[in-house]
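Taking it in order: structure first as structure tokens, then the write-up.
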Amino acid sequence: MDLHRVRRLALTLVASQLRSGRSSSDPNSLLGQPQLIAAVDVVLFLAVFGLSLEAVRASALGSHQVATLANALLPFLPLVAVGVVLVAGVMFELTATAKFAGSDAANWLPITPAEYVAASAAAIAYTYSPAVALALGVLLPFALFGGTLAAYLLTVVLTIVALFEGAVLVEMLRSATQRASSVGAGRRGQVTLILRAVVLVVVILALQLAFNPVFLLGLAQRLSAVGLVTAAVPFFWSTEAVTQWVGGSPALGIAFAVGQVAFVALLVYLAGELRVRYWVPAATEVRLEEHRYAARNPFLALLGLSAAESALVSKDLKGLVRRREMLPTLVVPIVLIVLVLVEGTTFGGFVSVLWVGWVAGFFSLLIAGTSVGQERRALQSLISYPLSAKSLVRAKAAFVLLPSLVVAAALGLVVGIYFRLSVGAVLGVLLLVVAVSVVLTFWGLVFASRFSDFQERPRPQFLRPGGMLAAMGSGMVLLFAILIPGTFALLSPSSSSVSIELVCALLALGIGGLAVLWTVTGFRRLLYELPF
Amino acid sequence: MVGISVESMVSPSPGTPLPSPAPTDPSTSLEVIRVSKAFGFVDVLYSVSFSVPAGQIVGLLGPNGAGKTTTMKAVLGLVRPDAGEIRLFGRNVVEDPVGTKRQIGYVPESPALYEFLTGAEYLDFVADMYGLDRATRRERIQQFLTGLELAGHENSLISGYSQGMKQKVALIAALLHRPRLLVLDEPLNGLDPRSARVTKDLLRNLAAHEGVAVLFSTHVLEIAQAICDRVVILHGGHVLASGTVAALRDRTGLAGRDLEEVFLSLTGTGDLRDVVDALSR
């Protein structure tokens, strides 16, 4: 393996990601330099170190207690690092279009599969390193005051290894899901496409849950509780190494650490083999049934949509199921729903209604927020069609509301039935959840029409980061402003319930109305001039 | 044939105050009247004027970065001129964007199709955008699929198509609703020789028999010479020259030479021997 070549390729991959955004397109800008991430790491590390130092100093904890806390936390940091990279990788790396890593971009270069995997994994690990810098910054004062600096340094090394380990696993998954993407190549039928989507969703969902840090920590504790030796599982060797070190067995700790590094080297080799075997650079042909040309979808026509609006909705719904990069949008609510099903039994009725409303609202916000950016460069064609801003708004709103209202209604019913609410309360919950979905749909469209990202980039984003943060932050405030009083009024009826419900409805109507107006203005601006 | 247009041969120099747009000529399909556009501090178009009469194919030529694609996007209303006016059949493109877009068929330089749709689904989608009825769309789509040898592939996802097949889909999408103006940005890119020939002949027929106006950009000057009634040569955002190929030959004193030599002479890149020699070493 030529390490110079690996380093060069890794830096190029990082730079391509940083520069693919419009704001950092100037190659001389600091924002376009790979060193930016290192600078962010250092700033974050120092900032949280300072805060944590003050907190430890100000606390009444003795050095023994601080050491106990540090010894309890340090072993799990590498494990959490793997989880963070995997979860982020599944969301943002696996969905990247193949053209940035496929034959046209990389496979023709004189690099070996293992070199490509190592470079790409290094780029991924480096990209997500700020998360680890934060954790290390928090824990350093604990190590200093607790006198466990050596264990801390070992943790730092193993956490960096773990970052890389997570990234290599993402590369392996990329190859595997690339193969899954070609499921059905040369075969006929919509079933093929649905099967492909299901396979990808199941893979992403399983990984999201399996490598969720909370689940991982729980698993480690359960394994220990039933007397199983975590030392038998290579994924836990980092944890075992730090645990042995702080437990007074440094030699064993070093042995596990070396074992961990060797395991990651083995993973790199396997990832290279997987890339060779499962990477399919050639475009695959998927044939569907004979298309029946129709002037208008009858169901969508019933909703009052014109032929052009119906066509846009149908196109977007097909994209939601057929496009790889859209799958995380589907997976997020599924993960949330699964968490509701797993944890929901311990919730009370109030929390469950809030949770369900949150899932429905978040799903609407997410789909709406990404609904314009997912047009990518095809926006150029879309704008060239004779469509008015109002038509586009109606079509995009219908595209978001159709799936999200189904999710909202289903969740509302499940909660109502599970908690044996009265018919009136069930209808109230349904109404509340549907209202939240509608308001959050238009709230998402407000941001989608102004902050969409149409750039083709290695890690696709449909909304620019600033827009995403603003949409999520304001959306959540709005969501709970409607949801909390509404849920109170529904589940704890009192004399003031009616007035609270009225205020809730007025708030939803008012904000929803404003959002509709802002959305139309945003789409008019979008149609005014092509934003790229 | 229309002769060389003296007005459009020399654009005013930057900084010269621009007179107000000229009155509309009702006999032309498309009029681009002293259009200027800057992106940030970069002037991309400067007082560009030309027209495309009904039934004519006008070639928009120029080196890379000359402003051809920006001009075409401005015609479609995708780019707003900072100054000047664009009129389609007498209507201002900016004032009536939806109405004018109904009259235009557009093939972008790099067509971005919805690759998760099949070819047939995509064309059905485009037919909906222009409100074609079921019988018409089926008939036209089938004709085009057969004519461009895409029949048999229409039910496969576009993501599996070759570059040329995608280009054919983009061409069909532009022609489907029988537009009165075709704006084609390098439409023959990636087409096989047969399909390129079909497309060229079709454009000539549409112009000659249906009165369709065609604004056509290409870097292959043999094609421009073969099918364009007139050419407009853009250079650095200015109209360097416009007129028939014969008129441009006369102007450059290159009688009997082909359009490539005329073009290279006009853009000041005529003698390339030194460049080729240096690159060959």
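Naming scheme: A, B, ... for chains in displayed order of the structure tokens; residues 1 onward per chain; ligands 1 onward as shown.
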Chain B contacts to chain A at 7 Å (only C-alpha atoms) as a CSV table (one decimal) with C-alpha atoms, in the first residue's frame:
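What follows is the written file selection.csv:
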```
chain,number,residue,atom,x,y,z
B,76,LEU,CA,-36.0,30.6,-21.3
B,78,LEU,CA,-33.9,30.8,-16.3
B,79,VAL,CA,-31.5,33.7,-16.1
B,80,ARG,CA,-32.8,37.3,-15.7
B,98,VAL,CA,-45.4,30.6,-18.1
B,99,GLY,CA,-47.0,31.7,-21.4
B,101,LYS,CA,-42.4,28.6,-21.8
B,102,ARG,CA,-45.3,26.9,-23.4
B,112,ALA,CA,-30.4,16.4,-15.9
B,113,LEU,CA,-33.2,13.8,-16.2
B,114,TYR,CA,-35.0,12.1,-13.4
B,116,PHE,CA,-35.3,7.0,-11.2
B,120,ALA,CA,-41.6,6.3,-20.9
B,121,GLU,CA,-42.5,7.6,-17.4
B,124,ASP,CA,-45.3,11.0,-19.8
B,125,PHE,CA,-44.3,13.4,-17.1
B,128,ASP,CA,-48.2,16.3,-18.4
B,129,MET,CA,-46.2,19.5,-18.0
B,131,GLY,CA,-50.9,19.3,-21.0
B,133,ASP,CA,-53.8,14.5,-24.1
B,134,ARG,CA,-53.4,10.8,-23.7
B,138,ARG,CA,-48.8,8.1,-26.8
B,155,ASN,CA,-39.6,0.8,-19.9
B,156,SER,CA,-36.1,0.7,-18.4
B,157,LEU,CA,-34.9,3.1,-15.7
B,159,SER,CA,-30.2,5.5,-14.7
B,160,GLY,CA,-29.3,2.5,-16.9
```
Who sits within 8 Å of range 26-40 of chain A, only C-alpha atoms, same chain under 2 positions skipped, as a VMD selection string | chain A and resid 11 14 to 15 18 to 19 23 to 24 42 to 44 126 to 127 129 to 130
(Q) Taking only range 26-235 of chain B into account, list the residues labelled helix (DSSP H, G or I) by DSSP (computed from the backbone), as a PyMOL selection string. (A) chain B and resi 68-76+97-101+119-129+134-147+158-160+163-175+193-210+221-227
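Atom pair CA of Thr155 in chain A / CA of Phe142 in chain A: separated by 13.0 Å.
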- Within 10 Å of Gly211 in chain B, counting only C-alpha atoms, which residues show up once you throw out same-chain ones fewer than 2 positions away? Write them as an MDAnalysis selection string, please. chainID B and resid 29 53:56 180:181 204:209 213:214
Keeping only N, CA, C and O atoms, write the selected residues to a file as a PDB file, in the first residue's frame.
```
ATOM      1  N   SER B  29     -39.643  35.390 -34.433  1.00  0.00           N
ATOM      2  CA  SER B  29     -40.100  34.567 -33.310  1.00  0.00           C
ATOM      3  C   SER B  29     -39.436  35.028 -32.033  1.00  0.00           C
ATOM      4  O   SER B  29     -40.073  35.202 -31.006  1.00  0.00           O
ATOM      5  N   PRO B  53     -35.831  34.502 -36.782  1.00  0.00           N
ATOM      6  CA  PRO B  53     -37.125  34.544 -37.476  1.00  0.00           C
ATOM      7  C   PRO B  53     -37.774  33.158 -37.515  1.00  0.00           C
ATOM      8  O   PRO B  53     -37.075  32.138 -37.422  1.00  0.00           O
ATOM      9  N   ALA B  54     -39.072  33.142 -37.655  1.00  0.00           N
ATOM     10  CA  ALA B  54     -39.785  31.867 -37.781  1.00  0.00           C
ATOM     11  C   ALA B  54     -39.263  31.122 -39.003  1.00  0.00           C
ATOM     12  O   ALA B  54     -38.972  31.725 -40.031  1.00  0.00           O
ATOM     13  N   GLY B  55     -39.101  29.817 -38.870  1.00  0.00           N
ATOM     14  CA  GLY B  55     -38.657  29.003 -39.999  1.00  0.00           C
ATOM     15  C   GLY B  55     -37.168  29.033 -40.248  1.00  0.00           C
ATOM     16  O   GLY B  55     -36.700  28.526 -41.269  1.00  0.00           O
ATOM     17  N   GLN B  56     -36.420  29.612 -39.344  1.00  0.00           N
ATOM     18  CA  GLN B  56     -34.961  29.642 -39.543  1.00  0.00           C
ATOM     19  C   GLN B  56     -34.243  28.905 -38.408  1.00  0.00           C
ATOM     20  O   GLN B  56     -34.723  28.861 -37.275  1.00  0.00           O
ATOM     21  N   ARG B 180     -42.929  26.171 -30.781  1.00  0.00           N
ATOM     22  CA  ARG B 180     -42.705  27.100 -31.909  1.00  0.00           C
ATOM     23  C   ARG B 180     -41.273  27.609 -31.914  1.00  0.00           C
ATOM     24  O   ARG B 180     -40.819  28.168 -32.911  1.00  0.00           O
ATOM     25  N   LEU B 181     -40.614  27.482 -30.784  1.00  0.00           N
ATOM     26  CA  LEU B 181     -39.186  27.833 -30.717  1.00  0.00           C
ATOM     27  C   LEU B 181     -38.439  26.694 -30.036  1.00  0.00           C
ATOM     28  O   LEU B 181     -38.841  26.223 -28.966  1.00  0.00           O
ATOM     29  N   ARG B 204     -34.393  20.585 -39.740  1.00  0.00           N
ATOM     30  CA  ARG B 204     -34.554  21.294 -41.024  1.00  0.00           C
ATOM     31  C   ARG B 204     -36.013  21.252 -41.484  1.00  0.00           C
ATOM     32  O   ARG B 204     -36.569  22.249 -41.936  1.00  0.00           O
ATOM     33  N   ASN B 205     -36.636  20.078 -41.324  1.00  0.00           N
ATOM     34  CA  ASN B 205     -38.048  19.939 -41.730  1.00  0.00           C
ATOM     35  C   ASN B 205     -38.954  20.820 -40.882  1.00  0.00           C
ATOM     36  O   ASN B 205     -39.859  21.465 -41.400  1.00  0.00           O
ATOM     37  N   LEU B 206     -38.712  20.799 -39.576  1.00  0.00           N
ATOM     38  CA  LEU B 206     -39.554  21.589 -38.672  1.00  0.00           C
ATOM     39  C   LEU B 206     -39.458  23.074 -39.015  1.00  0.00           C
ATOM     40  O   LEU B 206     -40.452  23.797 -38.992  1.00  0.00           O
ATOM     41  N   ALA B 207     -38.251  23.499 -39.323  1.00  0.00           N
ATOM     42  CA  ALA B 207     -38.055  24.911 -39.663  1.00  0.00           C
ATOM     43  C   ALA B 207     -38.712  25.228 -41.010  1.00  0.00           C
ATOM     44  O   ALA B 207     -39.472  26.203 -41.128  1.00  0.00           O
ATOM     45  N   ALA B 208     -38.446  24.379 -41.985  1.00  0.00           N
ATOM     46  CA  ALA B 208     -38.907  24.673 -43.348  1.00  0.00           C
ATOM     47  C   ALA B 208     -40.423  24.513 -43.501  1.00  0.00           C
ATOM     48  O   ALA B 208     -41.069  25.340 -44.145  1.00  0.00           O
ATOM     49  N   HIS B 209     -40.985  23.466 -42.922  1.00  0.00           N
ATOM     50  CA  HIS B 209     -42.397  23.171 -43.176  1.00  0.00           C
ATOM     51  C   HIS B 209     -43.336  23.633 -42.063  1.00  0.00           C
ATOM     52  O   HIS B 209     -44.508  23.879 -42.308  1.00  0.00           O
ATOM     53  N   ALA B 213     -38.892  28.110 -35.201  1.00  0.00           N
ATOM     54  CA  ALA B 213     -37.619  28.827 -35.084  1.00  0.00           C
ATOM     55  C   ALA B 213     -36.690  28.006 -34.200  1.00  0.00           C
ATOM     56  O   ALA B 213     -37.135  27.425 -33.209  1.00  0.00           O
ATOM     57  N   VAL B 214     -35.422  27.918 -34.590  1.00  0.00           N
ATOM     58  CA  VAL B 214     -34.487  27.079 -33.833  1.00  0.00           C
ATOM     59  C   VAL B 214     -33.249  27.894 -33.468  1.00  0.00           C
ATOM     60  O   VAL B 214     -32.608  28.494 -34.337  1.00  0.00           O
TER      61      VAL B 214
END
```
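The space between CA of Asp41 in chain A and CA of Leu134 in chain A spans 7.7 Å.
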Show which residues sit within 6 Å of Cys228 in chain B, as a PyMOL selection string. Count only C-alpha atoms, and ignore same-chain residues fewer than 6 positions away.
chain B and resi 57-59
Only N, CA, C and O atoms, please: the residues just picked out, written as a PDB file, in the first residue's frame.
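The resulting again_39.pdb:
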```pdb
ATOM      1  N   ILE B  57     -33.087  28.350 -38.753  1.00  0.00           N
ATOM      2  CA  ILE B  57     -32.217  27.749 -37.742  1.00  0.00           C
ATOM      3  C   ILE B  57     -31.034  28.695 -37.571  1.00  0.00           C
ATOM      4  O   ILE B  57     -30.313  28.965 -38.528  1.00  0.00           O
ATOM      5  N   VAL B  58     -30.899  29.213 -36.370  1.00  0.00           N
ATOM      6  CA  VAL B  58     -29.802  30.143 -36.100  1.00  0.00           C
ATOM      7  C   VAL B  58     -28.799  29.457 -35.176  1.00  0.00           C
ATOM      8  O   VAL B  58     -29.159  28.971 -34.102  1.00  0.00           O
ATOM      9  N   GLY B  59     -27.571  29.405 -35.609  1.00  0.00           N
ATOM     10  CA  GLY B  59     -26.510  28.768 -34.811  1.00  0.00           C
ATOM     11  C   GLY B  59     -25.882  29.782 -33.869  1.00  0.00           C
ATOM     12  O   GLY B  59     -25.490  30.868 -34.301  1.00  0.00           O
TER      13      GLY B  59
END
```
Q.
Taking the DSSP secondary structure from the backbone, can you list the residues of range 29-249 of chain B that are strand (DSSP E), as an NGL selection string?
A. :B and (29-39 or 42-53 or 57-61 or 83-88 or 91-92 or 104-107 or 181-185 or 213-217 or 230-235 or 238-243)
Of B:Pro187, B:Leu145, B:His153, B:Gly84, the one sitting nearest Pro111 in chain B when using only C-alpha atoms is B:Pro187
Can you list, as an NGL selection string, every protein, DNA or RNA residue that comes within 12 Å of Glu139 in chain B when you count only C-alpha atoms, leaving out same-chain residues fewer than 2 positions away? (:A and (293)) or (:B and (123-124 or 127 or 132-137 or 141-146 or 176-177))
re CA of Ile111 in chain A and CA of Arg275 in chain A: distance 12.5 Å
Of B:Val239, B:Ile104, B:Leu221, B:Leu171, the one sitting nearest Thr71 in chain B when using only C-alpha atoms is B:Val239
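Summary of the local environment: counting only C-alpha atoms, residues at most 9 Å from Thr148 in chain A, other than itself and those fewer than 3 positions away along its chain, are Ala67, Ala70, Asn71, Phe142, Ala143, Leu144, Phe145, Ala151, Tyr152, Leu153 and Val246 of chain A.
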